[in-house]
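Data block below; observations after.
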2 protein chains.
Amino acid sequence: MNQNSIEKFKEELAEIYHLGAAVSVLHWDQDVNMPKKGMEMRAKSIANLSGILHDKFVSPSFSRLVRAAKKELDGGKLSDENACIVREIWREFSREKKLPLEFVKELSETTSVATSVWAEARKENDFGLFLPYLKKIVSLKRKEAELVGYKDSPYDALLDAYEPGMTAREIEMIFSELRDFLVPFLANIMKSKVRVRNILKGKFPIERQVEFNKAVAEKIGFDFDAGRLDISTHPFTTQFHPGDVRITTRYSDRDPFYSIGSTIHESGHALYEQGIPMENFGSPLGDAISLGIHESQSRMWENIVGRSENFWKYFFPRLKKAFPKNFDKAEMGDIYRYVNAVKPSLIRTEADEVTYNLHIIMRFEIEKELIEGSIAVEDLPKIWNSKVKEYFGIDVPNDALGVLQDVHWSGGLIGYFPTYALGNLYSAQFYEAAKRDVLNLEKEIRAGQFAHLLNWLRKNIHIHGKMFTARELIENASGEPLNAQYFMDYIEDKYSRIYGF
Amino acid sequence: MNQNSIEKFKEELAEIYHLGAAVSVLHWDQDVNMPKKGMEMRAKSIANLSGILHDKFVSPSFSRLVRAAKKELDGGKLSDENACIVREIWREFSREKKLPLEFVKELSETTSVATSVWAEARKENDFGLFLPYLKKIVSLKRKEAELVGYKDSPYDALLDAYEPGMTAREIEMIFSELRDFLVPFLANIMKSKVRVRNILKGKFPIERQVEFNKAVAEKIGFDFDAGRLDISTHPFTTQFHPGDVRITTRYSDRDPFYSIGSTIHESGHALYEQGIPMENFGSPLGDAISLGIHESQSRMWENIVGRSENFWKYFFPRLKKAFPKNFDKAEMGDIYRYVNAVKPSLIRTEADEVTYNLHIIMRFEIEKELIEGSIAVEDLPKIWNSKVKEYFGIDVPNDALGVLQDVHWSGGLIGYFPTYALGNLYSAQFYEAAKRDVLNLEKEIRAGQFAHLLNWLRKNIHIHGKMFTARELIENASGEPLNAQYFMDYIEDKYSRIYGF
């Protein structure tokens with residue numbers, strides 16, 4: 001492959017990325033702007049465009065370019081940047097080539113129907129309705145694992161799609177350590193006499209919340225010249241390229257924290273995307289490493305920064321000023337405890353920092369056994385409920401609040417959940433490293449200064465795109481491989497002080 | 001061609017329409033939502049997607065399907081609907097095939113640069129700056145006319161792209177009749193002693209204007225479940241399909257009519273698009289007939305309905321209620337005269353109903369002679385200014401307010417202007433026909449009831465898509481060919497009453 005043909009490869013790849021950006025615009029518009037009669041036709045437009053994108057990716061002409069590039073990579077003839085691009089495209093390409101068109105179609109059709117059935121089943125609290133679809137999905141995902149191939153567990157083949165290089169065995173070790181710390185720690189909190197006061201009074205006008213959320217996002221570094229903050233049912237971040245990264249949140253006029261937490265979380269994702277060099281758009285050099293690393297950015301800003309005492313020392317006076325009638329009696333201690341209240345709960349998405357990972361751990365344990373075939377799909381509700389009892393000490397009143405709560409499995413996203421917890425673990429480790437490197441980091445946060453922290457993240461994480469693997473990145477940034485101890489120390493220190501033990 | 005291959009043709013055509021819808025979403029988003037750092041990359045995404053669309057349209061496989069379909073059409077073997085589809089696609093296809101790729105590229109690159117040069121020239125009031133580009137464009141458009149072919153005037157070949165079937169000769173006849181009526185009529189108005197009072201006092205809060213505009217659009221029939229109203233610098237309508245038609249307007253906090261006029265105008269366009277049967281999306285059956293017919297819908301709602309006495313008898317009390325402090329002394333007569341004030345002006349886009357067509361007529365006269373080669377590009381400012389003096393009786397102080405005011409020529413849109421005036425003429429003729437068919441139409445408008453008028457437009461215009469030519473449509477709907485007398489009668493009757501002569 002001569003210089004011309006690697007350039008040709010990158011040119012065609014950039015076109016595929018532009019198509020991807022167009023698909024993302026259609027999705028964003030669907031979730032944020034779409035009038036209801038536009039839905040059906042938009043779904044067709046998206047399917048049409050996604051089909052064109054996929055056809056281009058697996059077309060004979062692009063395949064030839066990819067294979068030629070792979071030969072160059074194997075011959076050690078590429079620059080570091082080009083090597084990264086070819087390595088990552090080859091990963092994706094060869095995974096895709098292993099899955100026959102018929103299989104992809106069956107999976108896509110099954111999950112498409114299953115997602116509506118799941119919504120109905122959750123609404124009707126009827127696991128039996130969902131059961132045959134989930135069975136089908138589990139069996140298809142097992143087949144996917146066989147087609148893709150794996151060394152130890154078929155779960156590895158699925159996990160690899162979301163967190164490249166991570167294995168089930170590794171996660172198992174990390175999660176069991178984490179679980180053995182969290183379960184008794186939560187029990188301790190439950191015994192605490194510290195009570196969290198409800199500090200919210202009256203109505204919080206939405207327009208003022210919108211302003212406040214924008215101010216917070218901007219303050220921590222979100223660039224509104226390269227993005228937007230809008231409203232959608234479920235908060236999300238989408239990026240067309242580093243110059244156009246859009247986040248959403250949702251508002252409750254009874255609770256400003258309902259929107260603020262989401263805004264900071266999505267801003268964390270967005271800061272990652274805005275921090276990727278614009279000139280790297282159009283190849284894996286301009287892509288985030290993994291879901292876990294992505295989540296580490298959102299979680300760090302949302303939790304470690306956004307629920308810290310220093311953060312609220314800066315923002316609480318501003319929040320009070322924005323809503324002068326709603327907070328007249330609340331003090332700093334009240335708000336700090338309020339945003340960090342720990343309570344075992346049934347629903348993952350509403351969980352606090354301490355219990356959140358337990359929700360993930362039980363999902364991982366369940367889906368790994370499902371894929372390995374050591375538990376049966378029909379036993380899920382029973383298994384689910386007994387784990388909730390074991391880890392949280394509470395009873396699950398019905399499947400809608402239990403095994404049916406999350407959409408992921410109906411969409412075929414098995415192997416996805418662990419990335420949420422990995423994000424939490426990465427985030428604590430990154431933050432400790434940043435504290436070592438950035439003098440007076442905590443003091444800066446108390447003064448509403450976030451630029452040095454953001455610069456640290458830019459330099460150590462964002463600008464690299466997929467240049468490194470997650471494993472390399474965390475070592476480069478923090479000096480050691482992923483180590484759950486940082487997260488456990490963070491939780492222990494913070495919450496034993498809040499709950500007085 | 002068997003049943004299967006016409007179905008295959010329609011299937012591929014629908015995919016092309018879906019790509020077109022995606023391009024439209026990218027454009028809409030660019031004009032309404034785009035953060036500034038997203039611009040450059042979005043332009044590339046749009047170019048990329050438009051390229052894919054064009055490649056599909058002229059691809060060998062689609063070309064084969066089009067040619068086969070054309071044979072069936074010529075053999076008289078197609079249903080009316082399929083015949084319409086093939087006829088219209090063949091028109092577009094054969095026009096495109098006549099233009100060599102090199103020519104298309106040269107025109108596109110020239111107009112792309114010329115548009116920025118024009119903007120600069122207008123800003124600097126420097127026609128000389130724009131002159132070489134306009135010369136190039138005129139020469140390219142002459143070439144386009146030769147490549148496309150024509151019978152009488154090369155202008156016909158250009159006009160046909162916007163108003164299929166219309167000829168320069170026909171427009172010349174209609175416009176000269178119109179000009180000979182309008183010039184003295186305007187002079188009469190100028191002699192009138194009737195004075196229009198400025199009825200606007202104080203500030204009109206934008207949020208309340210947004211609400212009012214939405215209420216007006218909804219009242220006349222705009223379906224917000226199948227569309228949106230947003231803000232952009234230049235108001236426009238875009239449709240992805242009949243279930244998602246989006247309009248924009250812009251606001252001034254000093255003048256609510258600034259937004260209302262645009263909103264009604266764009267709503268008129270949107271009602272056309274929303275009125276096309278959803279199942280016809282994906283072929284010319286689901287496309288509007290021509291720019292002139294499209295403009296007839298916007299102009300009818302904006303002017304004939306939206307500037308009528310009956311319309312304001314209904315809406316003025318509501319406007320006063322929305323802005324109670326701003327209109328305390330204005331009466332019905334004041335507002336009716338205010339929204340219909342006639343004043344010779346330099347700028348087309350700010351012109352009233354009486355003078356608007358004169359702006360178009362002079363542009364048509366100029367660009368026809370340019371294309372026929374009977375005037376030179378360098379003489380344009382002189383010719384422009386003398387026509388303004390002749391038709392409006394005013395002097396042009398500089399080229400920025402004269403020959404440089406409109407973007408069209410810099411974009412290569414020669415032959416486009418006449419469709420604006422045709423829209424006005426069609427609209428008066430349609431409205432007279434609707435008045436004959438809808439009992440008490442004027443009374444209904446006074447009562448804020450627009451459903452019967454909209455139904456008439458739906459039935460006679462909207463639902464047909466491109467099934468008929470503009471010529472057939474106006475005859476079917478009104479019983480005769482396009483006749484400018486309807487418009488002249490409308491203007492004469494309305495404005496002689498307003499200006500008391």
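Simple scheme: letters A, B, ... for chains in structure tokens order, numbers from 1 for residues in each chain, numbers from 1 for ligands in the order shown.
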
Write out as JSON lines the residues of chain A that have any atom within 6 Å of an atom of chain B, one row each with the nearest atom pair and its distance in Å to one decimal, counting only C-alpha atoms, sorted by chain and then rising number.
```
{"residue": "A:His18", "atom": "CA", "partner": "B:Ser45", "partner_atom": "CA", "distance": 5.2}
{"residue": "A:Pro35", "atom": "CA", "partner": "B:Asp225", "partner_atom": "CA", "distance": 5.0}
{"residue": "A:Lys36", "atom": "CA", "partner": "B:Asp225", "partner_atom": "CA", "distance": 5.3}
{"residue": "A:Lys37", "atom": "CA", "partner": "B:Gly243", "partner_atom": "CA", "distance": 4.9}
{"residue": "A:Gly38", "atom": "CA", "partner": "B:Gly243", "partner_atom": "CA", "distance": 4.8}
{"residue": "A:Ser45", "atom": "CA", "partner": "B:His18", "partner_atom": "CA", "distance": 5.2}
{"residue": "A:Asp225", "atom": "CA", "partner": "B:Pro35", "partner_atom": "CA", "distance": 5.0}
{"residue": "A:Ala226", "atom": "CA", "partner": "B:Lys37", "partner_atom": "CA", "distance": 5.1}
{"residue": "A:Gly227", "atom": "CA", "partner": "B:Pro35", "partner_atom": "CA", "distance": 5.6}
{"residue": "A:Gly243", "atom": "CA", "partner": "B:Gly38", "partner_atom": "CA", "distance": 4.8}
{"residue": "A:Asp244", "atom": "CA", "partner": "B:Gly38", "partner_atom": "CA", "distance": 4.9}
```

Selected residues written out, C-alpha atoms, as a compact mmCIF listing (two decimals), in the first residue's frame:
```txt
# COMPACT_ATOMS: atom_id res chain seq x y z
CA HIS A 18 -19.72 12.24 7.85
CA PRO A 35 -43.32 16.62 15.90
CA LYS A 36 -45.22 13.43 16.56
CA LYS A 37 -46.39 12.80 13.01
CA GLY A 38 -42.77 12.81 11.84
CA SER A 45 -34.88 7.89 6.93
CA ASP A 225 -20.01 27.89 20.72
CA ALA A 226 -19.39 24.20 20.11
CA GLY A 227 -22.59 22.77 21.54
CA GLY A 243 -17.25 21.51 17.17
CA ASP A 244 -20.86 20.45 17.71
```

> If you run DSSP on this backbone, which residues of range 115-363 of chain A come out as strand (DSSP E), and could you give them as a list in words?
Replying inline: Gly227, Arg228, Leu229, Asp230, Ile231, Thr237, Thr238, Gln239, Phe240, His241, Asp244, Val245, Arg246, Ile247, Thr248 and Thr249 of chain A

Include C-alpha atoms and write out the residues we just selected as a PDB file, in the first residue's frame.
```
ATOM      1  CA  GLY A 227     -22.588  22.771  21.535  1.00  0.00           C
ATOM      2  CA  ARG A 228     -26.078  23.174  22.930  1.00  0.00           C
ATOM      3  CA  LEU A 229     -28.125  22.275  25.989  1.00  0.00           C
ATOM      4  CA  ASP A 230     -31.687  21.210  25.225  1.00  0.00           C
ATOM      5  CA  ILE A 231     -34.531  19.272  26.771  1.00  0.00           C
ATOM      6  CA  THR A 237     -25.053  13.576  24.869  1.00  0.00           C
ATOM      7  CA  THR A 238     -24.472  13.368  21.157  1.00  0.00           C
ATOM      8  CA  GLN A 239     -21.547  14.630  19.140  1.00  0.00           C
ATOM      9  CA  PHE A 240     -21.465  15.265  15.416  1.00  0.00           C
ATOM     10  CA  HIS A 241     -17.798  16.277  15.734  1.00  0.00           C
ATOM     11  CA  ASP A 244     -20.857  20.447  17.713  1.00  0.00           C
ATOM     12  CA  VAL A 245     -21.545  18.461  20.863  1.00  0.00           C
ATOM     13  CA  ARG A 246     -25.066  18.563  22.226  1.00  0.00           C
ATOM     14  CA  ILE A 247     -26.386  17.653  25.632  1.00  0.00           C
ATOM     15  CA  THR A 248     -29.884  17.430  27.017  1.00  0.00           C
ATOM     16  CA  THR A 249     -31.439  17.402  30.439  1.00  0.00           C
TER      17      THR A 249
END
```

> So which one's closest to Ile276 in chain B, B:Met300, B:Ala161, B:Met467, B:Ala83? Using only C-alpha atoms, please.
Replying inline: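 The answer is B:Met467, which sits nearest to Ile276 in chain B.
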
> What does the distance between CA of Lys191 in chain A and CA of Val354 in chain A come to in Å, to one decimal place?
Replying inline: 14.7 Å

> Which neighbours of Trp409 in chain A fall inside 10 Å, counting only C-alpha atoms, when residues of the same chain fewer than 2 positions from it are skipped, and could you give them as a ChimeraX atom specification?
Replying inline: /A:111,114-115,118,133-134,137-138,367,404,406-407,411-417

Keeping only N, CA and C atoms, write the selected residues to a file as a PDB file, in the first residue's frame.
```pdb
ATOM      1  N   THR A 111     -34.610  -7.419  18.344  1.00  0.00           N
ATOM      2  CA  THR A 111     -34.502  -6.392  19.384  1.00  0.00           C
ATOM      3  C   THR A 111     -35.468  -5.240  19.130  1.00  0.00           C
ATOM      4  N   ALA A 114     -38.639  -6.565  20.417  1.00  0.00           N
ATOM      5  CA  ALA A 114     -38.497  -6.831  21.851  1.00  0.00           C
ATOM      6  C   ALA A 114     -38.551  -5.535  22.661  1.00  0.00           C
ATOM      7  N   THR A 115     -38.039  -4.448  22.083  1.00  0.00           N
ATOM      8  CA  THR A 115     -38.028  -3.193  22.822  1.00  0.00           C
ATOM      9  C   THR A 115     -39.453  -2.693  23.066  1.00  0.00           C
ATOM     10  N   TRP A 118     -40.992  -5.142  25.622  1.00  0.00           N
ATOM     11  CA  TRP A 118     -40.465  -4.852  26.960  1.00  0.00           C
ATOM     12  C   TRP A 118     -41.194  -3.660  27.581  1.00  0.00           C
ATOM     13  N   TYR A 133     -39.135 -13.254  24.216  1.00  0.00           N
ATOM     14  CA  TYR A 133     -38.230 -12.359  23.469  1.00  0.00           C
ATOM     15  C   TYR A 133     -36.852 -12.332  24.106  1.00  0.00           C
ATOM     16  N   LEU A 134     -36.842 -12.291  25.451  1.00  0.00           N
ATOM     17  CA  LEU A 134     -35.547 -12.265  26.130  1.00  0.00           C
ATOM     18  C   LEU A 134     -34.790 -13.571  25.891  1.00  0.00           C
ATOM     19  N   ILE A 137     -33.290 -13.339  22.547  1.00  0.00           N
ATOM     20  CA  ILE A 137     -32.150 -12.412  22.542  1.00  0.00           C
ATOM     21  C   ILE A 137     -30.921 -13.053  23.183  1.00  0.00           C
ATOM     22  N   VAL A 138     -31.138 -13.710  24.333  1.00  0.00           N
ATOM     23  CA  VAL A 138     -30.005 -14.356  24.998  1.00  0.00           C
ATOM     24  C   VAL A 138     -29.391 -15.408  24.077  1.00  0.00           C
ATOM     25  N   GLU A 367     -26.086 -11.381  33.961  1.00  0.00           N
ATOM     26  CA  GLU A 367     -25.970 -11.535  32.505  1.00  0.00           C
ATOM     27  C   GLU A 367     -24.782 -12.414  32.110  1.00  0.00           C
ATOM     28  N   LEU A 404     -37.512  -5.913  35.189  1.00  0.00           N
ATOM     29  CA  LEU A 404     -37.973  -5.273  33.951  1.00  0.00           C
ATOM     30  C   LEU A 404     -37.592  -3.796  33.843  1.00  0.00           C
ATOM     31  N   ASP A 406     -34.849  -1.940  33.290  1.00  0.00           N
ATOM     32  CA  ASP A 406     -33.931  -1.353  32.304  1.00  0.00           C
ATOM     33  C   ASP A 406     -34.198  -1.813  30.874  1.00  0.00           C
ATOM     34  N   VAL A 407     -33.958  -0.921  29.939  1.00  0.00           N
ATOM     35  CA  VAL A 407     -34.225  -1.193  28.530  1.00  0.00           C
ATOM     36  C   VAL A 407     -33.134  -2.054  27.868  1.00  0.00           C
ATOM     37  N   GLY A 411     -32.812  -4.394  24.027  1.00  0.00           N
ATOM     38  CA  GLY A 411     -32.105  -3.891  22.854  1.00  0.00           C
ATOM     39  C   GLY A 411     -30.884  -4.731  22.499  1.00  0.00           C
ATOM     40  N   GLY A 412     -30.688  -5.824  23.212  1.00  0.00           N
ATOM     41  CA  GLY A 412     -29.549  -6.700  22.918  1.00  0.00           C
ATOM     42  C   GLY A 412     -28.246  -6.217  23.539  1.00  0.00           C
ATOM     43  N   LEU A 413     -28.335  -5.204  24.411  1.00  0.00           N
ATOM     44  CA  LEU A 413     -27.112  -4.643  24.998  1.00  0.00           C
ATOM     45  C   LEU A 413     -26.664  -5.459  26.216  1.00  0.00           C
ATOM     46  N   ILE A 414     -26.209  -6.655  25.972  1.00  0.00           N
ATOM     47  CA  ILE A 414     -25.682  -7.490  27.048  1.00  0.00           C
ATOM     48  C   ILE A 414     -24.157  -7.336  27.047  1.00  0.00           C
ATOM     49  N   GLY A 415     -23.606  -6.993  28.212  1.00  0.00           N
ATOM     50  CA  GLY A 415     -22.175  -6.699  28.302  1.00  0.00           C
ATOM     51  C   GLY A 415     -21.922  -5.205  28.421  1.00  0.00           C
ATOM     52  N   TYR A 416     -23.001  -4.454  28.430  1.00  0.00           N
ATOM     53  CA  TYR A 416     -22.915  -2.984  28.448  1.00  0.00           C
ATOM     54  C   TYR A 416     -22.867  -2.457  29.877  1.00  0.00           C
ATOM     55  N   PHE A 417     -23.686  -3.070  30.772  1.00  0.00           N
ATOM     56  CA  PHE A 417     -23.813  -2.553  32.145  1.00  0.00           C
ATOM     57  C   PHE A 417     -22.481  -2.330  32.874  1.00  0.00           C
TER      58      PHE A 417
END
```
